[in-house]
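Participant: So that you have it, the file is work12.txt, and it contains compact mmCIF, C-alpha atoms and all ligand atoms:
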# COMPACT_ATOMS: atom_id res chain seq x y z
CA MET A 1 41.05 99.81 127.39
CA TYR A 2 43.84 97.45 126.40
CA ILE A 3 45.97 97.38 123.29
CA ILE A 4 46.48 93.69 122.43
CA SER A 5 48.72 92.08 119.82
CA ALA A 6 46.31 91.07 117.07
CA CYS A 7 47.88 87.62 116.69
CA LEU A 8 46.83 86.84 120.31
CA CYS A 9 43.19 87.15 119.24
CA GLY A 10 43.41 84.82 116.27
CA VAL A 11 44.36 87.28 113.55
CA ASN A 12 46.70 85.55 111.10
CA CYS A 13 49.26 88.36 111.11
CA LYS A 14 52.33 86.40 112.28
CA TYR A 15 55.33 86.36 109.97
CA SER A 16 54.35 82.78 109.10
CA GLY A 17 50.77 83.77 108.25
CA LYS A 18 49.46 82.09 111.41
CA ASN A 19 48.35 83.37 114.83
CA ASN A 20 49.01 82.94 118.58
CA LEU A 21 45.42 82.64 119.85
CA ASN A 22 45.12 83.21 123.61
CA ASP A 23 41.72 82.64 125.20
CA ARG A 24 42.16 85.23 127.92
CA CYS A 25 43.08 87.96 125.46
CA MET A 26 40.14 86.89 123.29
CA LYS A 27 37.85 87.29 126.30
CA LEU A 28 38.97 90.88 126.85
CA PHE A 29 38.50 91.59 123.15
CA ARG A 30 35.02 90.04 123.04
CA GLU A 31 34.02 92.14 126.03
CA GLY A 32 34.97 95.28 124.12
CA LYS A 33 37.88 96.02 126.44
CA ALA A 34 40.63 95.77 123.84
CA VAL A 35 41.73 97.07 120.49
CA LEU A 36 43.91 94.84 118.34
CA VAL A 37 47.06 95.99 116.60
CA CYS A 38 49.81 94.31 114.62
CA PRO A 39 52.72 96.78 114.60
CA GLU A 40 54.54 94.97 111.80
CA GLN A 41 51.52 95.15 109.51
CA LEU A 42 50.87 98.74 110.59
CA GLY A 43 54.43 99.52 109.53
CA GLY A 44 53.67 98.27 106.03
CA LEU A 45 55.17 94.77 106.07
CA PRO A 46 53.39 91.96 104.19
CA THR A 47 52.10 88.69 105.66
CA PRO A 48 53.62 86.17 105.42
CA ARG A 49 57.05 87.80 105.75
CA ASN A 50 60.58 86.77 106.61
CA PRO A 51 61.35 86.46 110.33
CA VAL A 52 63.17 89.45 111.82
CA GLU A 53 65.49 89.93 114.81
CA LEU A 54 67.06 93.05 116.35
CA ASN A 55 70.83 93.58 116.27
CA ASN A 56 70.79 95.86 119.34
CA THR A 57 68.45 96.65 122.21
CA ALA A 58 65.06 98.10 121.31
CA SER A 59 65.99 101.41 122.96
CA GLU A 60 69.10 101.66 120.80
CA VAL A 61 67.12 100.82 117.66
CA ILE A 62 64.59 103.55 118.56
CA ASN A 63 67.52 105.94 119.04
CA GLY A 64 68.97 105.09 115.62
CA ASN A 65 71.78 102.88 116.91
CA GLY A 66 70.52 99.48 115.83
CA LYS A 67 68.49 97.73 113.16
CA ALA A 68 65.71 95.24 112.60
CA ILE A 69 67.04 92.77 110.04
CA SER A 70 65.30 89.80 108.39
CA ASN A 71 66.88 86.37 108.05
CA GLN A 72 67.46 87.29 104.39
CA GLY A 73 69.39 90.42 105.37
CA GLU A 74 66.66 92.98 104.54
CA ASP A 75 66.74 96.10 106.72
CA VAL A 76 63.15 96.61 107.94
CA THR A 77 63.99 99.06 110.74
CA LYS A 78 61.83 101.80 109.22
CA GLN A 79 58.76 99.55 109.02
CA PHE A 80 59.29 98.38 112.62
CA LEU A 81 59.60 101.96 113.87
CA ASP A 82 56.63 103.14 111.79
CA GLY A 83 54.52 100.31 113.20
CA ALA A 84 55.54 101.14 116.77
CA TYR A 85 54.66 104.81 116.36
CA GLU A 86 51.35 103.96 114.66
CA THR A 87 50.52 101.71 117.61
CA LEU A 88 51.37 104.52 120.01
CA LYS A 89 49.13 106.87 118.02
CA ILE A 90 46.22 104.40 118.31
CA ALA A 91 46.82 103.96 122.05
CA ARG A 92 46.80 107.71 122.58
CA GLU A 93 43.64 108.17 120.52
CA LEU A 94 41.91 105.56 122.66
CA GLY A 95 43.35 106.71 125.96
CA ALA A 96 44.63 103.13 126.42
CA THR A 97 46.97 102.75 129.38
CA ARG A 98 47.69 99.01 129.21
CA ALA A 99 48.91 96.63 126.57
CA ILE A 100 49.15 92.84 126.42
CA LEU A 101 51.70 91.94 123.78
CA LYS A 102 53.07 88.70 122.35
CA GLU A 103 56.19 87.59 124.18
CA GLY A 104 59.42 87.10 122.25
CA SER A 105 58.50 89.14 119.18
CA PRO A 106 60.99 91.77 117.91
CA SER A 107 58.05 94.20 117.98
CA CYS A 108 55.87 92.95 120.82
CA GLY A 109 58.16 91.03 123.23
CA SER A 110 58.26 92.52 126.71
CA ASN A 111 60.56 90.20 128.68
CA PHE A 112 62.69 88.47 126.06
CA VAL A 113 63.58 88.65 122.37
CA TYR A 114 65.81 86.60 120.09
CA ASP A 115 69.46 87.56 120.00
CA GLY A 116 69.83 88.58 116.34
CA THR A 117 71.62 85.42 115.20
CA PHE A 118 68.51 83.49 114.04
CA THR A 119 69.69 80.51 116.08
CA GLY A 120 66.71 80.44 118.46
CA ASN A 121 68.73 81.94 121.30
CA LYS A 122 66.60 84.08 123.62
CA ILE A 123 67.94 87.06 125.56
CA LYS A 124 66.42 89.43 128.08
CA GLY A 125 65.00 92.44 126.25
CA LYS A 126 62.01 94.02 124.59
CA GLY A 127 60.57 94.44 121.15
CA ILE A 128 60.47 97.91 119.61
CA THR A 129 56.74 98.55 120.10
CA ALA A 130 56.79 97.23 123.69
CA GLN A 131 59.74 99.48 124.49
CA LEU A 132 58.15 102.57 122.92
CA LEU A 133 54.81 102.05 124.71
CA GLU A 134 56.60 101.60 128.03
CA ASP A 135 58.75 104.68 127.41
CA GLU A 136 55.52 106.59 126.86
CA GLY A 137 54.14 105.46 130.22
CA MET A 138 51.92 102.53 129.31
CA LEU A 139 51.83 99.34 131.36
CA VAL A 140 53.00 96.56 129.07
CA PHE A 141 52.21 92.95 129.95
CA SER A 142 53.20 89.77 128.18
CA ASP A 143 50.67 87.12 127.12
CA GLU A 144 52.78 84.76 129.22
CA ASP A 145 51.89 86.77 132.33
CA LEU A 146 48.37 85.44 131.76
CA GLU A 147 49.33 81.78 131.57
CA VAL A 148 48.00 79.52 134.29
CA SER A 149 51.09 77.33 134.03
CA ASN A 150 53.46 80.03 135.22
CA ASP A 151 51.90 80.10 138.68
CA LYS A 152 51.27 83.82 138.49
CA LEU A 153 47.59 83.27 137.76
CA VAL A 154 45.66 80.24 138.88
CA TYR A 155 42.15 79.33 137.90
CA LEU A 156 39.31 79.23 140.37
CA SER A 157 38.77 79.92 144.01
CA GLU A 158 35.96 79.64 146.44
CA PHE A 159 36.19 83.38 146.77
CA ASP A 160 35.41 84.04 143.10
CA ARG A 161 32.63 81.47 143.11
CA GLU A 162 30.92 82.89 146.16
CA LYS A 163 31.48 86.47 145.10
CA ALA A 164 29.97 85.93 141.66
CA LYS A 165 27.06 83.97 143.08
CA LYS A 166 26.42 86.75 145.54
CA ARG A 167 26.38 89.24 142.71
CA LYS A 168 24.18 86.97 140.63
CA LEU A 169 26.35 87.67 137.64
CA PHE A 170 26.20 84.20 136.20
CA GLU A 171 23.59 81.55 135.99
CA GLN A 172 25.34 78.85 134.05
CA GLY A 173 26.24 75.46 135.50
CA GLU A 174 29.21 75.00 137.78
CA GLU A 175 31.35 73.33 135.15
CA GLU A 176 30.96 76.07 132.63
CA TYR A 177 31.23 78.61 135.37
CA GLU A 178 34.56 77.28 136.58
CA GLU A 179 36.13 77.80 133.17
CA GLU A 180 35.43 81.50 133.41
CA TYR A 181 37.28 82.46 136.55
CA TYR A 182 40.70 83.38 137.79
CA ASP A 183 41.96 83.06 141.29
CA LEU A 184 44.23 86.00 141.76
CA THR A 185 44.83 85.48 145.46
CA GLU A 186 47.16 82.49 145.26
CA ASN A 187 49.83 84.36 143.35
CA LEU A 188 51.18 86.23 146.29
CA THR A 189 52.73 83.26 148.04
CA ASP A 190 55.08 82.70 145.10
CA MET A 191 56.14 86.29 144.83
CA SER A 192 59.00 86.09 147.29
CA ASP A 193 61.18 84.61 144.54
CA LEU A 194 60.37 87.25 141.95
CA PRO A 195 62.63 90.24 141.24
CA PRO A 196 60.99 93.45 142.60
CA THR A 197 60.23 94.88 139.14
CA VAL A 198 58.49 91.67 138.04
CA GLU A 199 56.60 91.52 141.35
CA GLU A 200 55.40 95.08 140.83
CA ASN A 201 54.28 94.24 137.31
CA VAL A 202 52.41 91.14 138.45
CA LYS A 203 50.60 93.16 141.13
CA LYS A 204 49.56 95.71 138.52
CA LEU A 205 48.35 92.93 136.24
CA MET A 206 46.38 91.29 139.06
CA ILE A 207 44.67 94.59 139.84
CA SER A 208 43.99 95.16 136.18
CA LEU A 209 42.41 91.73 135.79
CA ALA A 210 40.38 92.09 138.98
CA ARG A 211 38.89 95.23 137.49
CA ASP A 212 38.54 94.31 133.86
CA LEU A 213 37.89 90.58 133.88
CA MET A 214 36.14 90.20 137.22
CA GLY A 215 34.39 93.55 137.32
CA PHE A 216 35.50 94.72 140.77
CA GLU A 217 35.62 98.48 141.13
CA GLU A 218 35.97 99.33 144.80
CA THR A 219 39.43 99.32 146.35
CA ASP A 220 38.43 96.91 149.12
CA GLU A 221 36.92 94.49 146.59
CA ILE A 222 40.04 94.61 144.44
CA ALA A 223 42.17 94.03 147.54
CA GLU A 224 40.06 91.03 148.53
CA ALA A 225 40.11 89.60 145.00
CA THR A 226 43.86 89.93 144.59
CA GLY A 227 45.01 89.25 148.14
CA LEU A 228 46.88 92.57 148.17
CA SER A 229 46.42 95.04 151.00
CA ILE A 230 44.11 98.00 150.53
CA GLU A 231 47.16 100.28 150.89
CA GLU A 232 49.02 98.44 148.12
CA VAL A 233 46.02 98.64 145.81
CA GLU A 234 45.57 102.35 146.55
CA GLU A 235 49.25 103.02 145.95
CA ILE A 236 49.24 101.25 142.58
CA LEU A 237 45.96 102.88 141.48
CA ASP A 238 47.30 106.30 142.48
CA GLU A 239 50.32 105.78 140.22
CA GLU A 240 48.12 105.23 137.17
S1 LIG B 301 54.02 92.19 115.34
FE1 LIG B 301 53.07 91.70 117.29
S2 LIG B 301 50.90 91.52 116.72
FE2 LIG B 301 52.02 91.40 114.82
S3 LIG B 301 52.30 89.21 114.52
FE3 LIG B 301 54.12 89.98 115.57
S4 LIG B 301 53.70 89.60 117.72
FE4 LIG B 301 51.75 89.48 116.65
Have the structure of the file written as C-alpha cells, please.

Facilitator:
Amino acid sequence: MYIISACLCGVNCKYSGKNNLNDRCMKLFREGKAVLVCPEQLGGLPTPRNPVELNNTASEVINGNGKAISNQGEDVTKQFLDGAYETLKIARELGATRAILKEGSPSCGSNFVYDGTFTGNKIKGKGITAQLLEDEGMLVFSDEDLEVSNDKLVYLSEFDREKAKKRKLFEQGEEEYEEEYYDLTENLTDMSDLPPTVEENVKKLMISLARDLMGFEETDEIAEATGLSIEEVEEILDEE
C-alpha cells in the first residue's frame, strides 16, 4: 500500500485550491493500492491558503528549531507538524511502507524545497511530512521519480509487451496497450551518473513498480522486469 499526496490524484487541496494530477499516481489509486493524504489539510489548514516555506531544515523544524511560515508571516508550524503526525498515524494503521509525495512542497517535498525567502529559489531538502515518514522507516518517493522525461522510467519495451501477452492480462489493442506500460530495464544504463543514495532509491522504486504496477511477484520476474540482478532484488527486498 502506498501513501500518496492527495493533490497528485486530482484532489484540489493545493494552497491555490488546485491540484497536481499525475496519471501514474492515479493508476495506483484506482487499483486500490494507495491511500490519499494531504498533510496540510490534515493539520487543520484551509484551502485555499497562503503559500508556506520552511526557515530551517525539516529535521530542525521537527525538533523545534525551525518554523513553517506563510508569505504573510503567519506561523503555521503546529499545523504542519500535526499534519505530518496524522499522516504517519494513517500510514501505520494501514501498514503502508511506501509513499509517493509531491516534490517541492514544504510538507511533501522529498528532494528539494523552497529556501524560505519566497523568491522561487529551490534548495536541496525535504518537507516536514516526507522527513518524518523517512525517519520512521518508510520509503519516500517523489512524483518526479515517476516522470518519463527524467530518464529514470521509460515507457514500453518488447519485454513488457511479450510478458503481458504471455500472461494474457490484457486484450485491448496495441495502441491502448502501449499507453499502459513502463519499461523499467532501460534505467540502469543511466545510473552511473547518479549519486549512490539516489541510485538506491531508484532501484527500490523500480522494484516497487514492477510489483505493484506490473504485477510481478517472483524475484526472478522482478529481476527480469527491472534489469537488476536477482541478488540485488533479493538484497533490497530483504531490507524491507
Ligand atoms: S500538503 Fe502535500 S498533498 Fe497537500 S497540497 Fe501540498 S503537496 Fe499536495

Participant: Please write out the residues within 7 Å of ligand LIG 301 (chain B) as number ranges by chain, counting only C-alpha atoms and all ligand atoms.

Facilitator: A: 5-8, 13-15, 37-41, 101-102, 105, 107-108

Participant: Nearest residue to Phe29 in chain A out of A:Leu42, A:Leu213, A:Ala91, A:Ala58, using only C-alpha atoms?

Facilitator: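 Comparing A:Leu42, A:Leu213, A:Ala91, A:Ala58 against Phe29 in chain A, the winner is A:Leu213.
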
Participant: Please indicate the distance in Å from CA of Pro106 in chain A to CA of Gly43 in chain A, rounded to one decimal place.

Facilitator: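 Straight-line distance from CA of Pro106 in chain A to CA of Gly43 in chain A works out to 13.2 Å.
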
Participant: Fewer than 3 positions away in the same chain doesn't count, so skip those; otherwise give me all residues within 12 Å of Glu235 in chain A, counting all atoms listed in the file, as a list in words.

Facilitator: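 The residues that qualify are Glu200, Lys203, Lys204, Ile207, Thr219, Ala223, Leu228, Ser229, Ile230, Glu231, Glu232, Asp238, Glu239 and Glu240 of chain A.
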
Participant: Can you pull out the residues contacting range 125-140 of chain A? Cut-off 6 Å, using all atoms listed in the file, and skip same-chain residues under 5 positions away; I want them as a tab-separated table (two decimals) with C-alpha atoms, keeping the file's coordinate frame.

Facilitator:
chain	number	residue	atom	x	y	z
A	58	ALA	CA	65.06	98.10	121.31
A	84	ALA	CA	55.54	101.14	116.77
A	97	THR	CA	46.97	102.75	129.38
A	98	ARG	CA	47.69	99.01	129.21
A	99	ALA	CA	48.91	96.63	126.57
A	100	ILE	CA	49.15	92.84	126.42
A	106	PRO	CA	60.99	91.77	117.91
A	107	SER	CA	58.05	94.20	117.98
A	108	CYS	CA	55.87	92.95	120.82
A	109	GLY	CA	58.16	91.03	123.23
A	110	SER	CA	58.26	92.52	126.71
A	111	ASN	CA	60.56	90.20	128.68
A	112	PHE	CA	62.69	88.47	126.06
A	113	VAL	CA	63.58	88.65	122.37

Participant: Hey, which of A:Glu53, A:Glu224, A:Asp212, A:Glu60 ends up closest to Asp75 in chain A? Count only C-alpha atoms.

Facilitator: A:Glu53
